[in-house]
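File shown here: work_3.cif, holding mmCIF, C-alpha atoms.
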data_data
#
loop_
_atom_site.label_atom_id
_atom_site.label_comp_id
_atom_site.auth_asym_id
_atom_site.auth_seq_id
_atom_site.Cartn_x
_atom_site.Cartn_y
_atom_site.Cartn_z
CA SER T 165 180.79 104.13 169.63
CA ALA T 166 183.18 102.98 172.32
CA SER T 167 182.46 101.09 175.53
CA LEU T 168 184.86 100.22 178.33
CA VAL T 169 184.97 97.35 180.82
CA VAL T 170 187.29 97.99 183.75
CA GLY T 171 189.27 95.52 185.81
CA ASN T 172 190.40 97.27 189.00
CA GLU T 173 193.84 97.32 190.66
CA SER T 174 193.85 94.62 193.35
CA ALA T 175 195.96 96.64 195.78
CA ALA T 176 197.79 99.95 195.78
CA GLY T 177 200.98 99.59 193.73
CA ALA T 178 199.96 96.24 192.22
CA ASN T 179 199.64 97.79 188.74
CA ASP T 180 197.32 95.00 187.61
CA GLY T 181 194.34 97.03 186.45
CA GLN T 182 193.04 96.64 182.91
CA ILE T 183 190.50 98.13 180.51
CA ASP T 184 188.78 96.18 177.74
CA LEU T 185 187.61 98.46 174.91
CA SER T 186 184.92 97.57 172.36
CA ALA T 187 184.48 99.81 169.29
CA SER T 188 181.73 99.68 166.69
CA GLY T 189 180.05 101.76 164.00
CA GLY T 190 181.56 104.36 161.73
CA VAL T 191 183.52 103.13 158.70
CA PRO T 192 185.93 100.38 159.82
CA CYS T 193 189.25 100.17 157.99
CA ILE T 194 190.13 97.20 155.81
CA THR T 195 193.83 96.42 156.13
CA SER T 196 194.76 94.49 153.03
CA SER T 197 196.85 91.38 152.54
CA LEU T 198 197.98 90.06 149.16
CA LEU T 199 197.95 86.41 148.06
CA ALA T 200 199.40 85.35 144.71
CA SER T 201 198.53 82.11 142.96
CA ASN T 202 201.37 79.73 142.23
CA THR T 203 203.14 79.99 138.90
CA GLY T 204 204.10 77.29 136.39
CA SER T 205 203.89 76.55 132.66
CA SER T 206 202.39 79.32 130.54
CA ASN T 207 199.05 78.80 128.82
CA GLY T 208 196.04 80.92 127.96
CA SER T 209 192.42 81.07 126.90
CA ALA T 210 189.32 83.25 127.32
CA GLY T 211 189.34 83.01 131.10
CA ALA T 212 189.91 80.97 134.25
CA MET T 213 187.42 79.56 136.79
CA PHE T 214 188.56 78.53 140.26
CA ASN T 215 187.59 78.46 143.93
CA MET T 216 188.67 80.67 146.79
CA ILE T 217 188.36 79.05 150.23
CA ASN T 218 188.20 81.15 153.38
CA THR T 219 190.32 79.26 155.90
CA SER T 220 190.35 82.06 158.48
CA GLY T 221 188.16 82.31 161.54
CA GLY T 222 186.24 85.33 160.24
CA ASP T 223 184.68 86.77 157.13
CA LEU T 224 187.11 87.86 154.39
CA THR T 225 186.45 90.79 152.07
CA ILE T 226 187.98 90.30 148.62
CA THR T 227 188.81 93.87 147.61
CA GLY T 228 190.76 93.31 144.40
CA ILE T 229 192.04 90.84 141.81
CA SER T 230 195.07 91.58 139.64
CA GLN T 231 195.52 89.58 136.46
CA GLY T 232 198.99 88.36 135.58
CA ALA T 233 200.89 87.78 132.35
CA TYR T 234 203.72 85.38 131.55
CA SER T 235 204.84 87.20 128.39
CA ALA T 236 204.35 90.32 126.28
CA SER T 237 201.59 88.64 124.25
CA TYR T 238 199.34 88.64 127.33
CA ALA T 239 200.36 92.06 128.70
CA GLY T 240 199.15 95.58 127.90
CA ALA T 241 195.73 97.23 128.08
CA ALA T 242 192.60 95.05 127.95
CA THR T 243 189.13 94.68 129.47
CA TYR T 244 187.95 92.01 131.87
CA ASP T 245 184.88 90.45 133.45
CA ILE T 246 184.86 88.98 136.95
CA TYR T 247 182.09 86.80 138.36
CA TYR T 248 181.68 85.02 141.67
CA TYR T 249 179.42 82.18 142.80
CA PRO T 250 178.51 81.70 146.49
CA GLY T 251 179.62 78.08 146.64
CA ASP T 252 181.87 75.54 144.94
CA TYR T 253 182.01 76.38 141.22
CA VAL T 254 182.40 72.78 140.02
CA PRO T 255 178.73 71.69 140.32
CA GLN T 256 177.71 75.01 138.74
CA MET T 257 179.85 74.76 135.60
CA GLY T 258 177.76 75.25 132.48
CA ASP T 259 175.03 77.14 134.33
CA ALA T 260 175.18 80.94 134.70
CA THR T 261 172.40 80.92 137.30
CA GLY T 262 173.53 82.31 140.64
CA TRP T 263 176.74 83.87 139.39
CA VAL T 264 177.18 87.55 140.29
CA GLN T 265 179.16 89.90 138.06
CA VAL T 266 181.49 92.23 139.98
CA ALA T 267 183.53 93.57 137.03
CA ASP T 268 182.00 94.30 133.62
CA ASP T 269 184.40 95.14 130.78
CA ALA T 270 186.66 96.68 133.39
CA SER T 271 189.87 98.20 132.02
CA ALA T 272 193.23 97.05 133.33
CA THR T 273 196.80 97.32 132.11
CA ILE T 274 199.41 94.63 132.73
CA PRO T 275 202.91 96.14 132.61
CA ALA T 276 205.53 95.03 130.10
CA GLY T 277 208.52 92.91 131.08
CA ALA T 278 206.67 89.73 132.04
CA THR T 279 208.50 86.39 132.03
CA THR T 280 207.52 82.85 133.03
CA THR T 281 209.54 83.20 136.23
CA ALA T 282 208.53 86.79 136.99
CA PRO T 283 204.99 87.57 135.80
CA THR T 284 203.66 91.13 135.83
CA TYR T 285 200.20 92.04 137.15
CA GLY T 286 197.52 94.65 136.52
CA ALA T 287 194.65 95.45 138.92
CA ILE T 288 191.11 94.92 137.62
CA PRO T 289 188.58 97.35 139.17
CA MET T 290 185.86 95.30 140.86
CA SER T 291 183.18 95.41 143.54
CA SER T 292 184.16 93.79 146.83
CA VAL T 293 183.05 90.25 147.67
CA VAL T 294 182.64 88.99 151.25
CA ILE T 295 183.44 85.28 151.72
CA PRO T 296 181.98 84.04 155.03
CA ALA T 297 184.22 82.22 157.49
CA GLY T 298 184.90 78.67 156.28
CA ALA T 299 183.08 79.16 152.96
CA THR T 300 184.13 78.24 149.42
CA TYR T 301 183.27 80.70 146.62
CA GLY T 302 183.78 80.16 142.91
CA PHE T 303 185.33 82.90 140.76
CA TYR T 304 185.76 83.48 137.05
CA VAL T 305 188.17 86.00 135.54
CA GLY T 306 187.71 86.46 131.80
CA LYS T 307 189.25 88.70 129.17
CA THR T 308 186.74 90.55 126.98
CA SER T 309 189.24 92.36 124.72
CA GLY T 310 192.97 92.30 124.04
CA GLY T 311 193.47 88.63 123.20
CA SER T 312 193.74 85.60 125.44
CA LEU T 313 194.01 85.64 129.23
CA SER T 314 197.25 84.29 130.66
CA TYR T 315 196.97 81.34 133.04
CA THR T 316 198.90 78.27 134.15
CA THR T 317 198.89 74.63 133.11
CA ALA T 318 198.55 73.17 136.58
CA THR T 319 198.42 69.78 138.26
CA GLY T 320 195.77 68.33 140.53
CA THR T 321 191.98 68.58 140.57
CA GLY T 322 189.97 71.64 139.57
CA GLY T 323 188.18 73.25 142.49
CA VAL T 324 190.08 71.16 145.04
CA THR T 325 193.89 71.26 144.79
CA PRO T 326 195.43 74.38 146.39
CA TRP T 327 197.34 76.63 143.99
CA GLY T 328 198.37 79.38 146.38
CA SER T 329 197.46 79.79 150.04
CA ASP T 330 198.22 81.56 153.29
CA ALA T 331 196.76 81.37 156.78
CA ASN T 332 193.48 82.96 155.68
CA LEU T 333 192.78 82.12 152.03
CA THR T 334 193.32 79.34 149.50
CA ILE T 335 193.16 79.65 145.70
CA THR T 336 192.49 76.32 143.97
CA VAL T 337 193.34 74.80 140.63
CA GLY T 338 190.49 75.35 138.19
CA HIS T 339 189.31 75.23 134.59
CA GLY T 340 190.17 77.41 131.61
CA GLY T 341 187.85 78.59 128.84
CA ASN T 342 184.66 80.57 128.28
CA PHE T 343 182.14 81.55 130.95
CA PRO T 344 180.19 79.67 132.28
CA SER T 345 181.50 76.47 130.66
CA PRO T 346 185.31 76.29 130.76
CA PHE T 347 186.51 72.79 129.92
CA ASN T 348 190.33 72.88 129.95
CA THR T 349 191.71 71.36 133.15
CA PRO T 350 193.79 71.32 135.23
CA ARG T 351 194.37 75.04 134.71
CA ALA T 352 195.07 77.71 137.31
CA ALA T 353 194.45 81.44 137.36
CA LEU T 354 197.54 83.66 137.28
CA ILE T 355 196.38 86.28 139.76
CA GLN T 356 197.07 88.27 142.88
CA VAL T 357 194.16 88.54 145.33
CA GLU T 358 193.85 91.47 147.70
CA TYR T 359 191.72 90.91 150.78
CA GLY T 360 190.95 92.46 154.14
CA ASP T 361 193.08 90.90 156.87
CA PRO T 362 190.66 89.59 159.55
CA ALA T 363 193.37 89.90 162.20
CA ALA T 364 193.94 93.60 161.54
CA SER T 365 192.30 96.27 163.67
CA ALA T 366 189.41 98.10 162.00
CA TYR T 367 190.12 101.30 163.98
CA THR T 368 193.04 103.20 165.48
CA PHE T 369 193.28 103.91 169.20
CA ALA T 370 194.95 106.72 171.15
CA TRP T 371 194.93 106.45 174.96
CA ASP T 372 195.92 109.36 177.15
CA ASN T 373 198.70 107.22 178.69
CA GLY T 374 200.30 106.84 175.25
CA ALA T 375 199.02 103.34 174.45
CA THR T 376 197.76 102.63 170.91
CA THR T 377 196.33 99.13 171.45
CA GLU T 378 192.62 98.41 171.68
CA ASP T 379 192.86 97.10 175.26
CA ILE T 380 195.29 98.20 177.95
CA SER T 381 196.60 96.42 181.05
CA GLY T 382 199.19 96.73 183.80
CA LEU T 383 197.39 99.82 185.08
CA ALA T 384 197.62 101.71 188.35
CA SER T 385 194.50 103.35 189.77
CA GLY T 386 193.47 106.49 187.95
CA SER T 387 191.40 107.90 185.11
CA TYR T 388 191.97 106.72 181.54
CA CYS T 389 190.56 108.14 178.28
CA VAL T 390 190.75 106.86 174.72
CA THR T 391 189.98 108.32 171.30
CA VAL T 392 188.88 105.87 168.59
CA THR T 393 189.25 106.86 164.91
CA ASP T 394 187.64 105.17 161.91
CA CYS T 395 188.77 105.12 158.26
CA ASN T 396 186.97 108.39 157.48
CA GLY T 397 188.77 110.17 160.28
CA CYS T 398 185.65 110.32 162.47
CA THR T 399 186.36 110.01 166.18
CA THR T 400 184.65 109.05 169.41
CA SER T 401 186.03 109.15 172.94
CA ALA T 402 185.39 107.34 176.19
CA CYS T 403 186.78 107.62 179.72
CA ASP T 404 186.64 105.48 182.85
CA ALA T 405 188.53 105.02 186.11
CA VAL T 406 190.53 102.17 187.58
CA ILE T 407 190.23 102.07 191.36
CA VAL T 408 191.93 100.01 194.07
CA SER T 409 189.46 97.25 194.76
CA ALA T 410 189.89 93.50 194.82
CA THR T 411 187.72 91.80 192.20
CA PRO T 412 186.76 88.28 193.28
CA GLY T 413 186.26 85.58 190.68
CA CYS T 414 187.74 82.51 189.03
CA MET T 415 191.38 83.11 188.06
CA ASP T 416 192.03 79.70 186.47
CA ALA T 417 192.25 80.31 182.70
CA THR T 418 191.40 76.65 182.01
CA ALA T 419 188.11 76.81 183.91
CA CYS T 420 184.82 77.28 182.08
CA ASN T 421 183.90 80.29 184.26
CA TYR T 422 187.30 82.01 184.08
CA ASP T 423 187.03 85.76 184.75
CA PRO T 424 189.89 87.71 183.11
CA PHE T 425 189.10 90.71 185.33
CA ALA T 426 189.32 88.82 188.64
CA THR T 427 192.22 89.80 190.91
CA VAL T 428 191.34 87.55 193.87
CA ASP T 429 190.46 83.88 193.42
CA ASP T 430 187.19 83.21 195.21
CA GLY T 431 187.23 79.42 194.79
CA SER T 432 184.36 79.43 192.29
CA CYS T 433 186.24 77.86 189.38
CA LEU T 434 184.38 75.15 187.47
CA THR T 435 186.11 72.60 185.29
CA ALA T 436 184.56 70.94 182.26
CA TYR T 437 183.67 68.08 184.59
CA GLY T 438 181.63 70.19 187.04
#

Give the structure from the file, written as structure tokens.
Amino acid sequence: SASLVVGNESAAGANDGQIDLSASGGVPCITSSLLASNTGSSNGSAGAMFNMINTSGGDLTITGISQGAYSASYAGAATYDIYYYPGDYVPQMGDATGWVQVADDASATIPAGATTTAPTYGAIPMSSVVIPAGATYGFYVGKTSGGSLSYTTATGTGGVTPWGSDANLTITVGHGGNFPSPFNTPRAALIQVEYGDPAASAYTFAWDNGATTEDISGLASGSYCVTVTDCNGCTTSACDAVIVSATPGCMDATACNYDPFATVDDGSCLTAYG
């Protein structure tokens, strides 16, 4: 569905009208970003346990994990398990309770040509995991066939020290070994994490004035229509009109009752002090 909130043009020719669009329902798109863990000295074992910390302002959907290899001995076809724990993994080490398996003997192939300075990666099919805003989730990636899993001899503290980060997500140093009781540390997963970018639009927008943004501004009076499309190609449309009409309200953006649709300041602004 699509709903529109209109801010009118304050005077003929002012071109200061605006429309705020809100879309919901359907199948929103997940626009992916990719975060790779840091690299370092090659090591390996049955698997790697580590934390992912959501540092964004919204929920993050982990849509994929690709396992890396530092050399030919870790590359090729193999099978993998992936688990997650909804919290810091460190207090939960040694206890399988609460861990959720999202890949079970999943097949993945890491391409040849890996080196310590240029690892290669193979995607492990997995179910998506949603990490709430500000939350820390533990993860374990383990190899169930095809030899040892490639990871890094790291520095720092398992579960705490960042070992790859961007504006939205942090991968920490962890522990290496068998699930659920890895004991080698500090070790770090050699992975690439694919996740849904919380800043990306979940829909596409096509306005009849040619705009493709969710909201439009700088408008003259007139009728405006928009078509919203979700990831399955389903569409919904909405129309509304901008008229010439002064909209009184608080126009001070620092005030607690600021009205972004006001075109005439009516003296009602309230500061944080009253």

Checklist entry - For this file, the PyMOL selection byres ((chain T and resi 337) around 12) selects which residues, as an MDAnalysis selection string? => result chainID T and resid 201:204 212:217 253:254 302:303 315:329 334:336 338:340 348:355

Which neighbours of stretch 239-248 of chain T fall inside 7 Å, counting all atoms listed in the file, when residues of the same chain fewer than 5 positions from it are skipped, and could you give them as a tab-separated table (two decimals) with C-alpha atoms, in the coordinates of the input?
chain	number	residue	atom	x	y	z
T	233	ALA	CA	200.89	87.78	132.35
T	263	TRP	CA	176.74	83.87	139.39
T	264	VAL	CA	177.18	87.55	140.29
T	265	GLN	CA	179.16	89.90	138.06
T	266	VAL	CA	181.49	92.23	139.98
T	267	ALA	CA	183.53	93.57	137.03
T	268	ASP	CA	182.00	94.30	133.62
T	269	ASP	CA	184.40	95.14	130.78
T	270	ALA	CA	186.66	96.68	133.39
T	271	SER	CA	189.87	98.20	132.02
T	272	ALA	CA	193.23	97.05	133.33
T	273	THR	CA	196.80	97.32	132.11
T	274	ILE	CA	199.41	94.63	132.73
T	275	PRO	CA	202.91	96.14	132.61
T	276	ALA	CA	205.53	95.03	130.10
T	301	TYR	CA	183.27	80.70	146.62
T	302	GLY	CA	183.78	80.16	142.91
T	303	PHE	CA	185.33	82.90	140.76
T	304	TYR	CA	185.76	83.48	137.05
T	305	VAL	CA	188.17	86.00	135.54
T	306	GLY	CA	187.71	86.46	131.80
T	307	LYS	CA	189.25	88.70	129.17
T	308	THR	CA	186.74	90.55	126.98
T	309	SER	CA	189.24	92.36	124.72
T	310	GLY	CA	192.97	92.30	124.04

Checklist entry - If you apply the PyMOL selection byres ((chain T and resi 384) around 10) to this file, what residues do you get, as JSON, numbers by chain? => result {"T": [172, 173, 174, 175, 176, 177, 178, 179, 180, 181, 182, 381, 382, 383, 385, 386, 387, 405, 406, 407, 408]}

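The residues caught by the PyMOL selection byres ((chain T and resi 345) around 9) in this file are Met257, Gly258, Asp259, Ala260, His339, Gly340, Gly341, Asn342, Phe343, Pro344, Pro346 and Phe347 of chain T.
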
Next on the checklist: Please return as JSON, numbers by chain every residue within 7 Å of (199.4, 82.5, 125.6), taking into account all atoms listed in the file and the file's own coordinates.
Outcome noted: {"T": [206, 207, 208, 237, 238, 312, 314]}

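Interatomic distance, atom CA of T:Ala166 to atom CA of T:Val392: 7.4 Å.
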
Will you model N, CA and C atoms for stretch 335-367 of chain T and pass it back as a PDB file, keeping the file's coordinate frame?
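File part_15.pdb, as written:
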ATOM      1  N   ILE T 335     193.582  79.612 147.102  1.00  0.00           N
ATOM      2  CA  ILE T 335     193.160  79.650 145.700  1.00  0.00           C
ATOM      3  C   ILE T 335     193.375  78.248 145.139  1.00  0.00           C
ATOM      4  N   THR T 336     192.369  77.688 144.472  1.00  0.00           N
ATOM      5  CA  THR T 336     192.490  76.320 143.970  1.00  0.00           C
ATOM      6  C   THR T 336     192.838  76.278 142.488  1.00  0.00           C
ATOM      7  N   VAL T 337     193.272  75.120 142.054  1.00  0.00           N
ATOM      8  CA  VAL T 337     193.340  74.800 140.630  1.00  0.00           C
ATOM      9  C   VAL T 337     191.923  74.901 140.064  1.00  0.00           C
ATOM     10  N   GLY T 338     191.814  75.183 138.774  1.00  0.00           N
ATOM     11  CA  GLY T 338     190.490  75.350 138.190  1.00  0.00           C
ATOM     12  C   GLY T 338     190.395  74.846 136.765  1.00  0.00           C
ATOM     13  N   HIS T 339     189.552  75.532 135.991  1.00  0.00           N
ATOM     14  CA  HIS T 339     189.310  75.230 134.590  1.00  0.00           C
ATOM     15  C   HIS T 339     189.537  76.482 133.747  1.00  0.00           C
ATOM     16  N   GLY T 340     189.969  76.298 132.526  1.00  0.00           N
ATOM     17  CA  GLY T 340     190.170  77.410 131.610  1.00  0.00           C
ATOM     18  C   GLY T 340     189.210  77.348 130.442  1.00  0.00           C
ATOM     19  N   GLY T 341     188.742  78.524 129.992  1.00  0.00           N
ATOM     20  CA  GLY T 341     187.850  78.590 128.840  1.00  0.00           C
ATOM     21  C   GLY T 341     186.816  79.679 128.996  1.00  0.00           C
ATOM     22  N   ASN T 342     185.711  79.550 128.290  1.00  0.00           N
ATOM     23  CA  ASN T 342     184.660  80.570 128.280  1.00  0.00           C
ATOM     24  C   ASN T 342     183.699  80.413 129.452  1.00  0.00           C
ATOM     25  N   PHE T 343     183.159  81.544 129.910  1.00  0.00           N
ATOM     26  CA  PHE T 343     182.140  81.550 130.950  1.00  0.00           C
ATOM     27  C   PHE T 343     180.782  81.197 130.336  1.00  0.00           C
ATOM     28  N   PRO T 344     179.972  80.335 130.979  1.00  0.00           N
ATOM     29  CA  PRO T 344     180.190  79.670 132.280  1.00  0.00           C
ATOM     30  C   PRO T 344     180.643  78.215 132.124  1.00  0.00           C
ATOM     31  N   SER T 345     181.211  77.881 130.956  1.00  0.00           N
ATOM     32  CA  SER T 345     181.500  76.470 130.660  1.00  0.00           C
ATOM     33  C   SER T 345     182.947  76.231 130.259  1.00  0.00           C
ATOM     34  N   PRO T 346     183.912  76.602 131.096  1.00  0.00           N
ATOM     35  CA  PRO T 346     185.310  76.290 130.760  1.00  0.00           C
ATOM     36  C   PRO T 346     185.541  74.781 130.841  1.00  0.00           C
ATOM     37  N   PHE T 347     186.338  74.243 129.943  1.00  0.00           N
ATOM     38  CA  PHE T 347     186.510  72.790 129.920  1.00  0.00           C
ATOM     39  C   PHE T 347     187.950  72.338 130.009  1.00  0.00           C
ATOM     40  N   ASN T 348     188.928  73.261 129.861  1.00  0.00           N
ATOM     41  CA  ASN T 348     190.330  72.880 129.950  1.00  0.00           C
ATOM     42  C   ASN T 348     190.733  72.732 131.426  1.00  0.00           C
ATOM     43  N   THR T 349     191.295  71.591 131.765  1.00  0.00           N
ATOM     44  CA  THR T 349     191.710  71.360 133.150  1.00  0.00           C
ATOM     45  C   THR T 349     192.789  70.280 133.195  1.00  0.00           C
ATOM     46  N   PRO T 350     193.701  70.338 134.158  1.00  0.00           N
ATOM     47  CA  PRO T 350     193.790  71.320 135.230  1.00  0.00           C
ATOM     48  C   PRO T 350     194.482  72.602 134.767  1.00  0.00           C
ATOM     49  N   ARG T 351     193.822  73.710 134.997  1.00  0.00           N
ATOM     50  CA  ARG T 351     194.370  75.040 134.710  1.00  0.00           C
ATOM     51  C   ARG T 351     194.274  75.846 136.001  1.00  0.00           C
ATOM     52  N   ALA T 352     195.085  76.878 136.097  1.00  0.00           N
ATOM     53  CA  ALA T 352     195.070  77.710 137.310  1.00  0.00           C
ATOM     54  C   ALA T 352     195.188  79.176 136.923  1.00  0.00           C
ATOM     55  N   ALA T 353     194.397  79.996 137.583  1.00  0.00           N
ATOM     56  CA  ALA T 353     194.450  81.440 137.360  1.00  0.00           C
ATOM     57  C   ALA T 353     195.826  81.976 137.737  1.00  0.00           C
ATOM     58  N   LEU T 354     196.297  82.955 136.970  1.00  0.00           N
ATOM     59  CA  LEU T 354     197.540  83.660 137.280  1.00  0.00           C
ATOM     60  C   LEU T 354     197.131  85.019 137.834  1.00  0.00           C
ATOM     61  N   ILE T 355     196.976  85.095 139.142  1.00  0.00           N
ATOM     62  CA  ILE T 355     196.380  86.280 139.760  1.00  0.00           C
ATOM     63  C   ILE T 355     197.067  86.623 141.078  1.00  0.00           C
ATOM     64  N   GLN T 356     196.811  87.841 141.520  1.00  0.00           N
ATOM     65  CA  GLN T 356     197.070  88.270 142.880  1.00  0.00           C
ATOM     66  C   GLN T 356     195.740  88.713 143.471  1.00  0.00           C
ATOM     67  N   VAL T 357     195.424  88.222 144.676  1.00  0.00           N
ATOM     68  CA  VAL T 357     194.160  88.540 145.330  1.00  0.00           C
ATOM     69  C   VAL T 357     194.422  89.419 146.535  1.00  0.00           C
ATOM     70  N   GLU T 358     193.740  90.559 146.572  1.00  0.00           N
ATOM     71  CA  GLU T 358     193.850  91.470 147.700  1.00  0.00           C
ATOM     72  C   GLU T 358     192.616  91.282 148.587  1.00  0.00           C
ATOM     73  N   TYR T 359     192.843  91.118 149.883  1.00  0.00           N
ATOM     74  CA  TYR T 359     191.720  90.910 150.780  1.00  0.00           C
ATOM     75  C   TYR T 359     191.951  91.598 152.113  1.00  0.00           C
ATOM     76  N   GLY T 360     190.849  91.848 152.827  1.00  0.00           N
ATOM     77  CA  GLY T 360     190.950  92.460 154.140  1.00  0.00           C
ATOM     78  C   GLY T 360     191.415  91.460 155.170  1.00  0.00           C
ATOM     79  N   ASP T 361     192.490  91.789 155.865  1.00  0.00           N
ATOM     80  CA  ASP T 361     193.080  90.900 156.870  1.00  0.00           C
ATOM     81  C   ASP T 361     192.160  90.848 158.090  1.00  0.00           C
ATOM     82  N   PRO T 362     191.588  89.669 158.418  1.00  0.00           N
ATOM     83  CA  PRO T 362     190.660  89.590 159.550  1.00  0.00           C
ATOM     84  C   PRO T 362     191.330  89.818 160.898  1.00  0.00           C
ATOM     85  N   ALA T 363     192.655  89.707 160.935  1.00  0.00           N
ATOM     86  CA  ALA T 363     193.370  89.900 162.200  1.00  0.00           C
ATOM     87  C   ALA T 363     193.740  91.362 162.434  1.00  0.00           C
ATOM     88  N   ALA T 364     193.551  92.199 161.412  1.00  0.00           N
ATOM     89  CA  ALA T 364     193.940  93.600 161.540  1.00  0.00           C
ATOM     90  C   ALA T 364     192.845  94.399 162.255  1.00  0.00           C
ATOM     91  N   SER T 365     193.259  95.428 162.961  1.00  0.00           N
ATOM     92  CA  SER T 365     192.300  96.270 163.670  1.00  0.00           C
ATOM     93  C   SER T 365     191.544  97.149 162.671  1.00  0.00           C
ATOM     94  N   ALA T 366     190.238  97.285 162.891  1.00  0.00           N
ATOM     95  CA  ALA T 366     189.410  98.100 162.000  1.00  0.00           C
ATOM     96  C   ALA T 366     189.453  99.579 162.362  1.00  0.00           C
ATOM     97  N   TYR T 367     190.051  99.918 163.498  1.00  0.00           N
ATOM     98  CA  TYR T 367     190.120 101.300 163.980  1.00  0.00           C
ATOM     99  C   TYR T 367     191.522 101.573 164.520  1.00  0.00           C
TER     100      TYR T 367
END
